[in-house]
>>> print(open('entry.tsv').read())   # TSV, C-alpha atoms and all ligand atoms
chain	number	residue	atom	x	y	z
A	1	MET	CA	-20.61	9.03	14.75
A	2	LYS	CA	-18.34	9.99	11.86
A	3	GLN	CA	-15.73	7.39	10.98
A	4	ILE	CA	-12.12	8.56	11.13
A	5	ILE	CA	-9.96	7.96	8.06
A	6	ILE	CA	-6.17	8.22	8.25
A	7	THR	CA	-4.18	7.68	5.07
A	8	ILE	CA	-0.54	6.60	4.94
A	9	ASP	CA	1.24	6.97	1.61
A	10	GLY	CA	4.88	6.53	0.73
A	11	PRO	CA	7.36	4.66	-1.45
A	12	ALA	CA	8.21	0.97	-1.28
A	13	ALA	CA	9.84	-0.19	1.96
A	14	SER	CA	9.31	3.15	3.72
A	15	GLY	CA	7.72	1.53	6.78
A	16	LYS	CA	4.07	2.29	5.95
A	17	GLU	CA	2.92	-1.08	7.26
A	18	LYS	CA	4.77	-0.82	10.59
A	19	ILE	CA	3.47	2.72	11.14
A	20	SER	CA	-0.09	1.75	10.15
A	21	LYS	CA	-0.04	-1.23	12.50
A	22	TYR	CA	1.21	0.96	15.34
A	23	ILE	CA	-1.59	3.50	14.78
A	24	SER	CA	-4.15	0.71	14.40
A	25	ASN	CA	-3.18	-0.89	17.75
A	26	LYS	CA	-2.75	2.28	19.73
A	27	TRP	CA	-5.90	4.09	18.63
A	28	LYS	CA	-8.08	1.05	17.89
A	29	LEU	CA	-8.52	1.80	14.21
A	30	LYS	CA	-8.84	-0.89	11.55
A	31	HIS	CA	-5.78	-1.25	9.35
A	32	LEU	CA	-6.37	-1.78	5.63
A	33	ASP	CA	-3.40	-2.46	3.35
A	34	SER	CA	-4.47	-1.54	-0.19
A	35	GLY	CA	-1.49	-3.39	-1.68
A	36	ILE	CA	-3.13	-6.65	-0.59
A	37	LEU	CA	-5.99	-6.07	-3.05
A	38	TYR	CA	-3.55	-5.60	-5.95
A	39	ARG	CA	-1.74	-8.74	-4.83
A	40	ARG	CA	-4.96	-10.78	-4.52
A	41	LEU	CA	-5.98	-9.73	-8.00
A	42	ALA	CA	-2.52	-10.66	-9.27
A	43	LEU	CA	-2.92	-14.13	-7.74
A	44	ILE	CA	-6.27	-14.66	-9.51
A	45	PHE	CA	-4.84	-13.49	-12.86
A	46	LEU	CA	-1.85	-15.80	-12.49
A	47	LYS	CA	-4.00	-18.80	-11.57
A	48	ASP	CA	-6.36	-18.16	-14.47
A	49	LYS	CA	-3.47	-17.50	-16.86
A	50	ILE	CA	-4.83	-14.09	-17.84
A	51	ASN	CA	-2.78	-12.35	-20.52
A	52	LEU	CA	-1.68	-9.15	-18.75
A	53	LYS	CA	-1.29	-7.30	-22.04
A	54	ASN	CA	-4.88	-8.09	-23.04
A	55	LYS	CA	-7.08	-5.39	-21.52
A	56	ASN	CA	-10.31	-7.04	-22.67
A	57	GLN	CA	-9.38	-10.32	-21.01
A	58	ILE	CA	-8.59	-8.46	-17.76
A	59	LYS	CA	-11.85	-6.48	-17.92
A	60	LYS	CA	-13.85	-9.67	-18.51
A	61	LYS	CA	-12.22	-11.29	-15.49
A	62	LEU	CA	-12.89	-8.22	-13.32
A	63	ASN	CA	-16.59	-8.50	-14.21
A	64	GLU	CA	-16.61	-11.97	-12.66
A	65	ILE	CA	-15.06	-10.85	-9.36
A	66	GLU	CA	-17.44	-9.57	-6.69
A	67	ASN	CA	-15.04	-9.00	-3.85
A	68	LEU	CA	-11.44	-9.38	-2.70
A	69	SER	CA	-10.22	-10.02	0.80
A	70	PHE	CA	-7.94	-7.68	2.76
A	71	ARG	CA	-6.64	-10.72	4.65
A	72	LYS	CA	-2.85	-11.04	4.80
A	73	SER	CA	-1.35	-14.24	3.48
A	74	LYS	CA	2.12	-15.59	2.75
A	75	VAL	CA	0.88	-16.86	-0.63
A	76	ILE	CA	0.66	-13.31	-1.99
A	77	ARG	CA	4.05	-12.15	-0.69
A	78	ASN	CA	6.36	-13.62	-3.32
A	79	GLN	CA	8.33	-11.88	-6.08
A	80	GLU	CA	6.10	-13.14	-8.91
A	81	ILE	CA	2.97	-11.70	-7.29
A	82	SER	CA	4.78	-8.39	-6.57
A	83	LYS	CA	5.72	-8.14	-10.23
A	84	VAL	CA	2.23	-8.91	-11.55
A	85	ALA	CA	0.63	-6.59	-8.96
A	86	SER	CA	2.69	-3.64	-10.15
A	87	GLU	CA	2.03	-4.57	-13.80
A	88	ILE	CA	-1.75	-4.50	-13.38
A	89	ALA	CA	-1.62	-1.39	-11.16
A	90	VAL	CA	-0.86	0.74	-14.22
A	91	TYR	CA	-4.34	0.17	-15.69
A	92	SER	CA	-6.86	2.86	-14.71
A	93	PHE	CA	-9.79	0.39	-14.87
A	94	VAL	CA	-8.00	-1.93	-12.42
A	95	ARG	CA	-7.39	0.98	-10.05
A	96	ILE	CA	-11.04	2.07	-10.28
A	97	PHE	CA	-12.14	-1.51	-9.54
A	98	ILE	CA	-9.88	-1.71	-6.45
A	99	ASN	CA	-10.79	1.76	-5.22
A	100	LYS	CA	-14.49	0.84	-5.36
A	101	LEU	CA	-13.82	-2.22	-3.19
A	102	GLN	CA	-12.08	-0.01	-0.64
A	103	PHE	CA	-15.03	2.44	-0.50
A	104	LYS	CA	-17.43	-0.48	-0.24
A	105	PHE	CA	-15.52	-1.99	2.67
A	106	VAL	CA	-15.42	1.28	4.62
A	107	LYS	CA	-19.10	1.97	3.94
A	108	LYS	CA	-20.18	-1.53	4.90
A	109	ASN	CA	-18.35	-1.50	8.25
A	110	LYS	CA	-20.14	1.42	9.88
A	111	ASN	CA	-19.63	-0.12	13.33
A	112	ILE	CA	-15.85	0.38	13.06
A	113	LEU	CA	-14.54	3.53	14.75
A	114	GLY	CA	-12.17	4.36	11.95
A	115	PHE	CA	-9.55	3.18	9.50
A	116	VAL	CA	-5.87	3.60	8.86
A	117	ILE	CA	-5.26	2.80	5.20
A	118	ASP	CA	-1.88	2.52	3.55
A	119	GLY	CA	-0.75	2.48	-0.05
A	120	ARG	CA	0.60	4.71	-2.76
A	121	ASP	CA	-2.44	6.76	-3.76
A	122	ILE	CA	-4.68	6.59	-0.70
A	123	GLY	CA	-4.51	10.23	0.37
A	124	SER	CA	-3.97	11.63	-3.12
A	125	VAL	CA	-6.70	9.74	-5.01
A	126	VAL	CA	-8.79	7.26	-3.03
A	127	PHE	CA	-9.64	9.06	0.23
A	128	LYS	CA	-8.95	12.67	-0.69
A	129	LYS	CA	-11.12	13.90	2.15
A	130	ALA	CA	-9.38	11.87	4.86
A	131	ASP	CA	-9.24	13.36	8.36
A	132	LEU	CA	-5.47	13.00	8.43
A	133	LYS	CA	-2.99	12.31	5.65
A	134	LEU	CA	0.58	11.22	6.32
A	135	TYR	CA	3.33	10.77	3.76
A	136	ILE	CA	6.30	8.65	4.86
A	137	GLU	CA	9.72	9.64	3.62
A	138	VAL	CA	12.97	7.62	4.00
A	139	ASN	CA	16.25	7.78	2.03
A	140	PRO	CA	16.61	4.92	-0.48
A	141	GLU	CA	19.89	3.84	1.19
A	142	ILE	CA	18.22	3.46	4.59
A	143	ARG	CA	15.25	1.59	3.07
A	144	ALA	CA	17.66	-0.78	1.29
A	145	LYS	CA	19.65	-1.34	4.50
A	146	ARG	CA	16.47	-2.20	6.46
A	147	ARG	CA	15.16	-4.54	3.75
A	148	TYR	CA	18.58	-6.21	3.51
A	149	LYS	CA	18.66	-6.80	7.28
A	150	GLN	CA	15.08	-8.17	7.22
A	151	LEU	CA	16.00	-10.72	4.53
A	152	ILE	CA	19.26	-11.77	6.16
A	153	ASP	CA	17.53	-12.12	9.55
A	154	SER	CA	14.89	-14.36	8.00
A	155	GLY	CA	17.62	-16.61	6.57
A	156	GLU	CA	17.36	-15.50	2.94
A	157	LYS	CA	20.34	-14.65	0.74
A	158	SER	CA	20.52	-11.05	-0.26
A	159	ILE	CA	22.78	-8.44	-1.90
A	160	TYR	CA	22.54	-4.87	-0.59
A	161	GLN	CA	23.49	-3.19	-3.90
A	162	LYS	CA	20.80	-5.14	-5.75
A	163	ILE	CA	18.14	-4.18	-3.21
A	164	LEU	CA	19.15	-0.52	-3.45
A	165	LYS	CA	18.96	-0.64	-7.24
A	166	ASP	CA	15.50	-2.28	-7.14
A	167	ILE	CA	14.22	0.30	-4.64
A	168	LYS	CA	15.44	3.18	-6.78
A	169	LEU	CA	13.86	1.65	-9.89
A	170	ARG	CA	10.55	1.09	-8.10
A	171	ASP	CA	10.58	4.72	-6.94
A	172	ILE	CA	11.00	5.94	-10.50
A	173	LYS	CA	8.24	3.59	-11.70
A	174	ASP	CA	5.83	4.62	-8.90
A	175	LYS	CA	6.50	8.35	-9.26
A	176	THR	CA	6.40	8.56	-13.05
A	177	ARG	CA	3.48	6.27	-13.90
A	178	LYS	CA	0.56	7.92	-15.68
A	179	GLU	CA	-2.19	6.54	-13.44
A	180	SER	CA	-2.13	7.69	-9.80
A	181	PRO	CA	1.61	8.30	-9.49
A	182	LEU	CA	3.12	8.38	-6.02
A	183	VAL	CA	2.98	12.01	-4.81
A	184	ILE	CA	2.79	13.82	-1.49
A	185	PRO	CA	-1.00	14.17	-1.18
A	186	LYS	CA	-2.42	17.68	-0.88
A	187	GLY	CA	-2.62	18.57	2.81
A	188	ALA	CA	-0.44	15.63	3.92
A	189	HIS	CA	2.10	15.87	6.74
A	190	VAL	CA	5.48	14.54	5.66
A	191	ILE	CA	6.89	12.16	8.27
A	192	ASN	CA	10.62	11.54	8.29
A	193	ASN	CA	11.20	7.86	9.01
A	194	ASN	CA	15.00	7.89	8.57
A	195	GLY	CA	15.67	7.63	12.28
A	196	SER	CA	14.40	5.43	15.08
A	197	PHE	CA	10.79	4.24	15.23
A	198	LEU	CA	10.41	6.18	18.47
A	199	ASN	CA	11.33	9.36	16.65
A	200	THR	CA	8.76	8.60	13.93
A	201	VAL	CA	6.06	7.93	16.51
A	202	LYS	CA	6.82	11.26	18.20
A	203	GLN	CA	6.14	13.09	14.92
A	204	ILE	CA	2.83	11.30	14.42
A	205	LYS	CA	1.25	11.37	17.89
A	206	SER	CA	0.11	14.98	18.03
A	207	PHE	CA	-1.42	14.83	14.55
A	208	ILE	CA	-3.57	11.90	15.60
A	209	THR	CA	-4.63	13.20	19.00
A	210	ASN	CA	-5.70	16.42	17.25
A	211	ILE	CA	-8.28	14.61	15.12
A	212	LEU	CA	-9.63	12.19	17.74
B	301	LIG	O1	2.38	-2.36	-1.11
B	301	LIG	P1	2.60	-3.62	-1.89
B	301	LIG	O2	4.01	-3.86	-2.28
B	301	LIG	O3	1.95	-4.81	-1.26
B	301	LIG	O4	1.79	-3.37	-3.26
B	301	LIG	C1	1.89	-4.23	-4.35
B	301	LIG	C2	1.85	-3.43	-5.64
B	301	LIG	O5	0.55	-2.86	-5.81
B	301	LIG	C3	2.82	-2.23	-5.65
B	301	LIG	O6	4.04	-2.53	-6.24
B	301	LIG	C4	2.09	-1.17	-6.44
B	301	LIG	O7	2.43	-1.26	-7.80
B	301	LIG	C5	0.63	-1.55	-6.32
B	301	LIG	N1	-0.12	-0.64	-5.44
B	301	LIG	C6	-0.61	0.53	-5.97
B	301	LIG	N2	-1.39	1.35	-5.21
B	301	LIG	C7	-1.65	1.06	-3.93
B	301	LIG	C8	-1.12	-0.12	-3.35
B	301	LIG	C9	-0.35	-0.94	-4.14
B	301	LIG	O8	-0.37	0.82	-7.14
B	301	LIG	N3	-2.43	1.87	-3.23
>>> encode(input="entry.tsv", output="structure tokens")
Amino acid sequence: MKQIIITIDGPAASGKEKISKYISNKWKLKHLDSGILYRRLALIFLKDKINLKNKNQIKKKLNEIENLSFRKSKVIRNQEISKVASEIAVYSFVRIFINKLQFKFVKKNKNILGFVIDGRDIGSVVFKKADLKLYIEVNPEIRAKRRYKQLIDSGEKSIYQKILKDIKLRDIKDKTRKESPLVIPKGAHVINNNGSFLNTVKQIKSFITNIL
């Protein structure tokens, strides 16, 4: 049986993970978060004190790495890792390395019914022939408000204006980078996630039932 591939792209803090998890649980598809691979690589480079400006040093290190885990972990969720992950994500050879690992994982797990994969280039570059491509759109102000609430609820200090500024800067960086910039993938359905989650789910449901 053919494996189903659903791709979820969108800017930072647009709710890709929540939507992917929902789809994964409801339709029994495996969720892969491509950002985790960039973060795991960032952790290795930090531990091994790799000079991020030195392409040869990075390439040499990549040659030593056989695989990276998609497993979630708190260790890779901090600001330092986020920064390094987005620094290394600009290199085409790093992206090729990570994309290959994603193909390998999907190919190796033939027993899995299908995958829902989220990131910033999944429908546009990595799985161009996906069965369904979704692009999540949310105003920067709403994304900042949600992130702010998340941080405050978890007991962290936070300033709304700073979060909004960071989100806007990350958007510019993601959309204007030379390698695999964030775009609405060809053939993708744009999902408006400004409102309630219920409203978002309503927009998605029929697209998924149509391909299953
Ligand atoms: O999604 P997350 O914030 O975990 O991703 C970490 C970093 O990895 C992002 O800031 C982005 O620069 C990079 N990334 C990417 N392409 C993806 C997933 C993540 O460039 N498909």
>>> atom_distance(input="entry.tsv", atom1="CA of Tyr160 (chain A)", atom2="atom N3 of ligand LIG 301 (chain B)")
26.0 Å
>>> residues_near_ligand(input="entry.tsv", ligand="ligand LIG 301 (chain B)", cutoff="9 Å", atoms="only C-alpha atoms and all ligand atoms", output="MDAnalysis selection string")
chainID A and resid 9 11:13 16:17 33:39 76:77 81:90 95 98:99 117:122 126 170 173:174 179:182
>>> write_last_selection(input="entry.tsv", atoms="C-alpha atoms", output="mmCIF file, keeping the file's coordinate frame")
data_model
loop_
_atom_site.group_PDB
_atom_site.id
_atom_site.type_symbol
_atom_site.label_atom_id
_atom_site.label_comp_id
_atom_site.auth_asym_id
_atom_site.auth_seq_id
_atom_site.Cartn_x
_atom_site.Cartn_y
_atom_site.Cartn_z
ATOM 1 C CA ASP A 9 1.240 6.970 1.610
ATOM 2 C CA PRO A 11 7.360 4.660 -1.450
ATOM 3 C CA ALA A 12 8.210 0.970 -1.280
ATOM 4 C CA ALA A 13 9.840 -0.190 1.960
ATOM 5 C CA LYS A 16 4.070 2.290 5.950
ATOM 6 C CA GLU A 17 2.920 -1.080 7.260
ATOM 7 C CA ASP A 33 -3.400 -2.460 3.350
ATOM 8 C CA SER A 34 -4.470 -1.540 -0.190
ATOM 9 C CA GLY A 35 -1.490 -3.390 -1.680
ATOM 10 C CA ILE A 36 -3.130 -6.650 -0.590
ATOM 11 C CA LEU A 37 -5.990 -6.070 -3.050
ATOM 12 C CA TYR A 38 -3.550 -5.600 -5.950
ATOM 13 C CA ARG A 39 -1.740 -8.740 -4.830
ATOM 14 C CA ILE A 76 0.660 -13.310 -1.990
ATOM 15 C CA ARG A 77 4.050 -12.150 -0.690
ATOM 16 C CA ILE A 81 2.970 -11.700 -7.290
ATOM 17 C CA SER A 82 4.780 -8.390 -6.570
ATOM 18 C CA LYS A 83 5.720 -8.140 -10.230
ATOM 19 C CA VAL A 84 2.230 -8.910 -11.550
ATOM 20 C CA ALA A 85 0.630 -6.590 -8.960
ATOM 21 C CA SER A 86 2.690 -3.640 -10.150
ATOM 22 C CA GLU A 87 2.030 -4.570 -13.800
ATOM 23 C CA ILE A 88 -1.750 -4.500 -13.380
ATOM 24 C CA ALA A 89 -1.620 -1.390 -11.160
ATOM 25 C CA VAL A 90 -0.860 0.740 -14.220
ATOM 26 C CA ARG A 95 -7.390 0.980 -10.050
ATOM 27 C CA ILE A 98 -9.880 -1.710 -6.450
ATOM 28 C CA ASN A 99 -10.790 1.760 -5.220
ATOM 29 C CA ILE A 117 -5.260 2.800 5.200
ATOM 30 C CA ASP A 118 -1.880 2.520 3.550
ATOM 31 C CA GLY A 119 -0.750 2.480 -0.050
ATOM 32 C CA ARG A 120 0.600 4.710 -2.760
ATOM 33 C CA ASP A 121 -2.440 6.760 -3.760
ATOM 34 C CA ILE A 122 -4.680 6.590 -0.700
ATOM 35 C CA VAL A 126 -8.790 7.260 -3.030
ATOM 36 C CA ARG A 170 10.550 1.090 -8.100
ATOM 37 C CA LYS A 173 8.240 3.590 -11.700
ATOM 38 C CA ASP A 174 5.830 4.620 -8.900
ATOM 39 C CA GLU A 179 -2.190 6.540 -13.440
ATOM 40 C CA SER A 180 -2.130 7.690 -9.800
ATOM 41 C CA PRO A 181 1.610 8.300 -9.490
ATOM 42 C CA LEU A 182 3.120 8.380 -6.020
#
>>> residues_around(input="entry.tsv", residues="region 146-150 of chain A", least_positions_apart="4", cutoff="12 Å", atoms="only C-alpha atoms", output="number ranges by chain")
A: 12-15, 138-142, 154-164, 166-167, 193-196
>>> atom_distance(input="entry.tsv", atom1="CA of Lys110 (chain A)", atom2="CA of Lys72 (chain A)")
21.9 Å
>>> atom_distance(input="entry.tsv", atom1="CA of Asn111 (chain A)", atom2="CA of Lys2 (chain A)")
10.3 Å
>>> residues_near_point(input="entry.tsv", point="(-0.3, -17.8, -10.6)", cutoff="12 Å", atoms="only C-alpha atoms", output="MDAnalysis selection string")
chainID A and resid 39:52 75:76 78:85
>>> residues_near_point(input="entry.tsv", point="(-2.7, 3.6, 8.6)", cutoff="10 Å", atoms="only C-alpha atoms", output="PyMOL selection string")
chain A and resi 5-9+16-24+29-33+115-119+122+132-134
>>> residues_around(input="entry.tsv", residues="Ile184 (chain A)", least_positions_apart="3", cutoff="8 Å", atoms="all atoms listed in the file", output="ChimeraX atom specification")
/A:9-10,124,135,188,190
>>> closest_residue(input="entry.tsv", among="A:Lys168, A:Arg143, A:Lys104, A:Lys202", to="Glu66 (chain A)", atoms="all atoms listed in the file")
A:Lys104
>>> closest_residue(input="entry.tsv", among="A:Lys26, A:Arg177, A:Lys60, A:Lys165", to="Lys145 (chain A)", atoms="only C-alpha atoms")
A:Lys165
